[in-house]
file data.pdb (PDB, C-alpha atoms)
MODEL        1
ATOM      1  CA  MET A  16      99.914 199.267  96.140
ATOM      2  CA  LYS A  17     101.964 196.692  94.256
ATOM      3  CA  ASN A  18     102.151 193.504  96.315
ATOM      4  CA  LEU A  19     105.705 192.275  96.960
ATOM      5  CA  TYR A  20     104.955 189.550  99.494
ATOM      6  CA  LYS A  21     101.948 188.058 101.215
ATOM      7  CA  THR A  22     101.705 185.686 104.130
ATOM      8  CA  LYS A  23      98.851 184.172 106.034
ATOM      9  CA  VAL A  24      98.859 183.169 109.699
ATOM     10  CA  THR A  25      95.905 181.726 111.590
ATOM     11  CA  THR A  26      95.599 181.682 115.362
ATOM     12  CA  HIS A  27      93.071 179.572 117.242
ATOM     13  CA  GLY A  28      92.370 180.442 120.856
ATOM     14  CA  GLY A  29      93.827 183.943 121.039
ATOM     15  CA  ARG A  30      96.597 184.566 123.587
ATOM     16  CA  ASN A  31      96.249 181.034 124.958
ATOM     17  CA  GLY A  32      96.067 179.323 121.613
ATOM     18  CA  HIS A  33      98.027 178.031 118.668
ATOM     19  CA  THR A  34      99.359 180.052 115.748
ATOM     20  CA  ARG A  35     100.458 178.629 112.399
ATOM     21  CA  SER A  36     101.564 180.157 109.108
ATOM     22  CA  GLU A  37     100.185 178.729 105.904
ATOM     23  CA  ASP A  38     103.627 177.305 105.024
ATOM     24  CA  GLY A  39     104.058 175.760 108.501
ATOM     25  CA  ILE A  40     107.338 177.551 109.264
ATOM     26  CA  LEU A  41     105.685 179.407 112.121
ATOM     27  CA  ASP A  42     103.844 176.804 114.185
ATOM     28  CA  MET A  43     103.642 177.330 117.922
ATOM     29  CA  GLU A  44     101.595 177.413 121.073
ATOM     30  CA  LEU A  45     100.943 180.810 122.637
ATOM     31  CA  LYS A  46     100.384 181.450 126.324
ATOM     32  CA  MET A  47      99.535 184.590 128.235
ATOM     33  CA  PRO A  48     102.508 185.728 130.360
ATOM     34  CA  LYS A  49     102.299 185.292 134.135
ATOM     35  CA  GLU A  50     102.468 189.095 134.452
ATOM     36  CA  MET A  51      99.077 189.237 132.762
ATOM     37  CA  GLY A  52      97.521 186.442 134.799
ATOM     38  CA  GLY A  53      98.429 183.593 132.463
ATOM     39  CA  GLU A  54     100.369 180.425 133.093
ATOM     40  CA  GLY A  55     103.504 181.688 131.339
ATOM     41  CA  GLY A  56     106.099 179.026 130.655
ATOM     42  CA  ASP A  57     108.197 178.379 127.590
ATOM     43  CA  TYR A  58     105.737 179.870 125.128
ATOM     44  CA  SER A  59     105.669 182.970 122.999
ATOM     45  CA  ASN A  60     103.048 185.707 122.955
ATOM     46  CA  PRO A  61     101.875 188.416 120.544
ATOM     47  CA  GLU A  62     104.183 191.061 122.033
ATOM     48  CA  GLN A  63     107.274 188.903 121.471
ATOM     49  CA  LEU A  64     106.227 188.195 117.898
ATOM     50  CA  PHE A  65     105.619 191.899 117.277
ATOM     51  CA  ALA A  66     109.031 192.761 118.784
ATOM     52  CA  ALA A  67     110.729 190.219 116.511
ATOM     53  CA  GLY A  68     108.978 191.563 113.425
ATOM     54  CA  TYR A  69     109.583 195.211 114.261
ATOM     55  CA  SER A  70     113.262 194.830 115.211
ATOM     56  CA  SER A  71     114.075 192.845 112.075
ATOM     57  CA  CYS A  72     112.148 195.152 109.737
ATOM     58  CA  TYR A  73     113.669 198.256 111.325
ATOM     59  CA  GLY A  74     117.134 196.674 111.052
ATOM     60  CA  SER A  75     116.614 196.243 107.325
ATOM     61  CA  ALA A  76     115.546 199.895 107.075
ATOM     62  CA  LEU A  77     118.796 200.845 108.845
ATOM     63  CA  GLU A  78     120.714 198.869 106.215
ATOM     64  CA  VAL A  79     118.947 200.761 103.409
ATOM     65  CA  VAL A  80     119.715 204.214 104.823
ATOM     66  CA  ALA A  81     123.281 203.243 105.755
ATOM     67  CA  LYS A  82     123.908 202.118 102.180
ATOM     68  CA  LYS A  83     122.440 205.399 100.898
ATOM     69  CA  HIS A  84     124.848 207.370 103.108
ATOM     70  CA  LYS A  85     127.771 204.983 102.464
ATOM     71  CA  VAL A  86     128.044 204.082 106.169
ATOM     72  CA  ASP A  87     129.275 200.689 107.355
ATOM     73  CA  LEU A  88     126.944 199.475 110.121
ATOM     74  CA  GLY A  89     129.420 196.885 111.325
ATOM     75  CA  GLU A  90     127.971 194.262 113.650
ATOM     76  CA  TYR A  91     124.854 196.314 114.368
ATOM     77  CA  SER A  92     121.763 195.121 116.196
ATOM     78  CA  VAL A  93     118.267 196.349 116.922
ATOM     79  CA  THR A  94     116.429 195.404 120.093
ATOM     80  CA  ALA A  95     112.714 196.106 120.303
ATOM     81  CA  VAL A  96     111.257 196.435 123.783
ATOM     82  CA  VAL A  97     107.485 196.079 123.489
ATOM     83  CA  LYS A  98     105.302 196.998 126.432
ATOM     84  CA  LEU A  99     101.612 196.318 126.797
ATOM     85  CA  GLY A 100      99.967 198.775 129.140
ATOM     86  CA  GLN A 101      96.577 200.078 130.072
ATOM     87  CA  THR A 102      95.311 203.580 129.355
ATOM     88  CA  GLU A 103      93.361 205.679 131.854
ATOM     89  CA  SER A 104      90.178 204.644 130.066
ATOM     90  CA  GLY A 105      91.040 200.957 130.526
ATOM     91  CA  ASN A 106      92.075 200.154 126.949
ATOM     92  CA  LEU A 107      95.184 198.090 126.293
ATOM     93  CA  GLN A 108      97.945 199.989 124.467
ATOM     94  CA  LEU A 109     101.344 199.073 123.062
ATOM     95  CA  SER A 110     104.536 201.090 123.261
ATOM     96  CA  VAL A 111     107.900 200.288 121.699
ATOM     97  CA  THR A 112     111.486 201.262 122.372
ATOM     98  CA  LEU A 113     113.936 200.542 119.558
ATOM     99  CA  ASP A 114     117.537 200.308 120.764
ATOM    100  CA  SER A 115     119.853 200.500 117.749
ATOM    101  CA  TYR A 116     123.444 199.484 118.467
ATOM    102  CA  ILE A 117     125.680 200.816 115.716
ATOM    103  CA  PRO A 118     129.360 200.387 116.586
ATOM    104  CA  GLY A 119     131.921 202.767 115.187
ATOM    105  CA  VAL A 120     129.655 205.634 114.134
ATOM    106  CA  ASP A 121     129.582 209.105 115.635
ATOM    107  CA  VAL A 122     126.451 210.424 117.359
ATOM    108  CA  GLU A 123     125.430 212.747 114.509
ATOM    109  CA  THR A 124     125.676 210.005 111.866
ATOM    110  CA  GLY A 125     123.988 207.439 114.101
ATOM    111  CA  GLU A 126     121.071 209.719 114.875
ATOM    112  CA  LYS A 127     120.637 210.509 111.188
ATOM    113  CA  LEU A 128     120.504 206.786 110.347
ATOM    114  CA  VAL A 129     118.134 205.932 113.202
ATOM    115  CA  ASN A 130     115.718 208.748 112.322
ATOM    116  CA  GLU A 131     115.756 208.067 108.580
ATOM    117  CA  ALA A 132     115.210 204.346 109.171
ATOM    118  CA  HIS A 133     112.182 205.225 111.290
ATOM    119  CA  GLU A 134     110.777 207.251 108.372
ATOM    120  CA  ILE A 135     110.974 204.364 105.876
ATOM    121  CA  CYS A 136     110.415 201.254 108.014
ATOM    122  CA  PRO A 137     106.991 199.750 107.210
ATOM    123  CA  TYR A 138     106.396 198.891 110.891
ATOM    124  CA  SER A 139     107.236 202.461 111.917
ATOM    125  CA  ARG A 140     104.963 203.843 109.240
ATOM    126  CA  ALA A 141     102.131 201.506 110.265
ATOM    127  CA  THR A 142     102.375 202.451 113.929
ATOM    128  CA  ARG A 143     103.079 206.185 113.483
ATOM    129  CA  ASP A 144     100.719 208.320 115.556
ATOM    130  CA  ASN A 145      99.123 205.143 116.942
ATOM    131  CA  ILE A 146     101.620 204.056 119.607
ATOM    132  CA  ASP A 147     104.569 205.641 121.370
ATOM    133  CA  VAL A 148     107.854 204.633 119.734
ATOM    134  CA  THR A 149     111.123 205.701 121.350
ATOM    135  CA  LEU A 150     114.335 205.572 119.324
ATOM    136  CA  ASN A 151     117.627 205.041 121.154
ATOM    137  CA  LEU A 152     121.089 205.079 119.616
ATOM    138  CA  LEU A 153     123.613 202.875 121.392
ATOM    139  CA  LEU A 154     127.288 203.465 120.593
ATOM    140  CA  ASP A 155     130.624 202.005 121.623
ATOM    141  CA  GLU A 156     132.107 203.759 124.613
TER
ENDMDL
END
call {"tool": "encode", "arguments": {"input": "data.pdb", "output": "structure tokens"}}
result
Amino acid sequence: MKNLYKTKVTTHGGRNGHTRSEDGILDMELKMPKEMGGEGGDYSNPEQLFAAGYSSCYGSALEVVAKKHKVDLGEYSVTAVVKLGQTESGNLQLSVTLDSYIPGVDVETGEKLVNEAHEICPYSRATRDNIDVTLNLLLDE
């Protein structure tokens, strides 16, 4: 694989720790959410960071396939809903729902874009067959 970009982030203290990128742009405290027994508060957590990365990467994949099909995405958005659950065997497991809002496209075109973006998105490819990912197309009414 030809490397296009590399980053390095170090976290001390896990879910109740501090994470910092080597360039210092990402530099924040992390806290476990109250729902998981943590103190919560105005802190981020790994699931939020994953949702931000996945939604932005998938949005860029949408742009690539829209350009290929000569479709104007308009003021599109992608919302990633990341859930952390527990399997029957007690293991923790992620699931993701990607809500793609693409105004002004018909259902057939929108579904084509959403599905093709899922095929090329690096996050989708990395998680394929590892976690449940649900794709939703949101249109103007």
call {"tool": "closest_atom_pairs", "arguments": {"input": "data.pdb", "of": "range 59-132 of chain A", "to": "range 35-52 of chain A", "cutoff": "9 Å", "atoms": "all atoms listed in the file", "output": "tab-separated table"}}
result
residue	atom	partner	partner_atom	distance
A:Ser59	CA	A:Leu45	CA	5.2
A:Asn60	CA	A:Leu45	CA	5.3
A:Pro61	CA	A:Leu45	CA	7.9
call {"tool": "atom_distance", "arguments": {"input": "data.pdb", "atom1": "CA of His33 in chain A", "atom2": "CA of Ala67 in chain A"}}
result
17.7 Å
call {"tool": "closest_residue", "arguments": {"input": "data.pdb", "among": "A:Val148, A:Val120, A:Val24, A:Leu154", "to": "Asp87 in chain A", "atoms": "all atoms listed in the file"}}
result
A:Val120
call {"tool": "residues_near_point", "arguments": {"input": "data.pdb", "point": "(113.9, 191.3, 114.4)", "cutoff": "12 Å", "atoms": "all atoms listed in the file", "output": "NGL selection string"}}
result
:A and (63-76 or 92-96 or 113-115 or 138)
call {"tool": "closest_residue", "arguments": {"input": "data.pdb", "among": "A:Ala141, A:Val97, A:Leu107, A:Leu128", "to": "Leu77 in chain A", "atoms": "all atoms listed in the file"}}
result
A:Leu128
call {"tool": "closest_residue", "arguments": {"input": "data.pdb", "among": "A:Gly105, A:Ile135, A:Gly89, A:Asn130", "to": "Pro118 in chain A", "atoms": "only C-alpha atoms"}}
result
A:Gly89
call {"tool": "closest_residue", "arguments": {"input": "data.pdb", "among": "A:Ala81, A:Val86, A:Leu109, A:Val129", "to": "Asp144 in chain A", "atoms": "only C-alpha atoms"}}
result
A:Leu109
call {"tool": "atom_distance", "arguments": {"input": "data.pdb", "atom1": "CA of Glu123 in chain A", "atom2": "CA of Thr142 in chain A"}}
result
25.3 Å
call {"tool": "atom_distance", "arguments": {"input": "data.pdb", "atom1": "CA of Cys136 in chain A", "atom2": "CA of Lys98 in chain A"}}
result
19.6 Å
call {"tool": "residues_near_point", "arguments": {"input": "data.pdb", "point": "(109.9, 206.6, 114.5)", "cutoff": "8 Å", "atoms": "all atoms listed in the file", "output": "ChimeraX atom specification"}}
result
/A:130,132-134,139-140,143,148-150
call {"tool": "write_last_selection", "arguments": {"input": "data.pdb", "atoms": "C-alpha atoms", "output": "mmCIF file, in the coordinates of the input"}}
result
data_model
loop_
_atom_site.group_PDB
_atom_site.id
_atom_site.type_symbol
_atom_site.label_atom_id
_atom_site.label_comp_id
_atom_site.auth_asym_id
_atom_site.auth_seq_id
_atom_site.Cartn_x
_atom_site.Cartn_y
_atom_site.Cartn_z
ATOM 1 C CA ASN A 130 115.718 208.748 112.322
ATOM 2 C CA ALA A 132 115.210 204.346 109.171
ATOM 3 C CA HIS A 133 112.182 205.225 111.290
ATOM 4 C CA GLU A 134 110.777 207.251 108.372
ATOM 5 C CA SER A 139 107.236 202.461 111.917
ATOM 6 C CA ARG A 140 104.963 203.843 109.240
ATOM 7 C CA ARG A 143 103.079 206.185 113.483
ATOM 8 C CA VAL A 148 107.854 204.633 119.734
ATOM 9 C CA THR A 149 111.123 205.701 121.350
ATOM 10 C CA LEU A 150 114.335 205.572 119.324
#
call {"tool": "closest_residue", "arguments": {"input": "data.pdb", "among": "A:Val111, A:Leu152, A:Val122, A:Leu19", "to": "Glu62 in chain A", "atoms": "all atoms listed in the file"}}
result
A:Val111
call {"tool": "closest_residue", "arguments": {"input": "data.pdb", "among": "A:Asp57, A:Val79, A:Gly28, A:Leu88", "to": "Asp121 in chain A", "atoms": "only C-alpha atoms"}}
result
A:Leu88
